[in-house]
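**Student:** One structure follows; several queries about it will come next.
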Amino acid sequence: MATSSPVSTDRIRDLLRSRDVRFGDYNEGELAYLTPNAAFFWNATNPQILQLRAQWRGIARTPEQFGELAHEVATCNSTRTGPKAYVAPLEDGTQYGLIAECNIVVLSGLTQAQLDHFFETSMSMIMGFFADLEVALPGFVDWVSESAEAQR
């Protein structure tokens, strides 16, 4: 039987390195990495909970867009087992972004298989949700053209 070990930022670093994920330190005990459509944050600072949180790049700039984003959040939270999603104000207080997160209780630690499984399922759930958002809210997606311009 596999032994559980405490979850730490160093363990998350090892996990990400083993999967060739390019990441950096974000806050004390929090790691971040960027994808074209989101910023992902691993937080192992709470000894009870491991969290994978992601902020989608789509931004609600108008009240109508806020309503669309809020509708997608409500749909996600009422129909999916994960991730948990919520609308969050951006620094300017007039625009809103979307955050999705997955959490796992780690009081007794995790085996390597459990940590690997959490990585795979959490990433899959969040990325799948974001892909669905991009279909449902194509007006929010401006990074495809940015990526194409950067490659020229």
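Identifiers in the structure tokens: chain A, B, ... in order shown; residue index from 1 per chain; ligand index from 1 in order shown.
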Could you list, as a VMD selection string, every residue within 10 Å of Leu16 (chain A), counting only C-alpha atoms and ignoring same-chain residues fewer than 5 positions away?
**Tutor:** chain A and resid 10 to 11 21 to 23 31 33 42 116 119
**Student:** Please provide the set of residues having any atom within 12 Å of region 86-88 of chain A, restricted to only C-alpha atoms, with same-chain residues fewer than 2 positions apart removed, written as a PyMOL selection string.
**Tutor:** chain A and resi 53-56+58-60+65-77+82-84+90-102
**Student:** Let's see if you can do this: from backbone DSSP, list all strand (DSSP E) residues in chain A, as number ranges by chain.
**Tutor:** A: 24-27, 30-35, 38-43, 49-56, 84-89, 96-105
**Student:** As an exercise, work out the distance from CA of Ile12 (chain A) to CA of Ala44 (chain A) in Å and give it to one decimal place.
**Tutor:** 7.9 Å
**Student:** Residues of chain A in helix (DSSP H, G or I) according to DSSP, as a VMD selection string?
**Tutor:** chain A and resid 9 to 18 63 to 79 112 to 136 138 to 140 143 to 151
**Student:** Work out how far apart CA of Leu50 (chain A) and CA of Ile126 (chain A) are and give it in Å to one decimal.
**Tutor:**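 So the answer is 15.3 Å.
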**Student:** May I ask which of the residues A:Ala32, A:Leu52, A:Val7, A:Leu15 is the closest one to Ser122 (chain A), counting only C-alpha atoms?
**Tutor:**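 So, comparing all the options, the nearest one is A:Leu52.
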**Student:** For each of A:Ile104, A:Leu137, A:Ala131, A:Ile49, take the minimum atom-to-atom distance to His117 (chain A), counting only C-alpha atoms, then give the residue where this is smallest.
**Tutor:** A:Ile104
**Student:** For Val141 (chain A), which residue out of A:Asn37, A:Asn43, A:Thr3, A:Asn103 is the nearest one, using only C-alpha atoms?
**Tutor:** A:Asn37
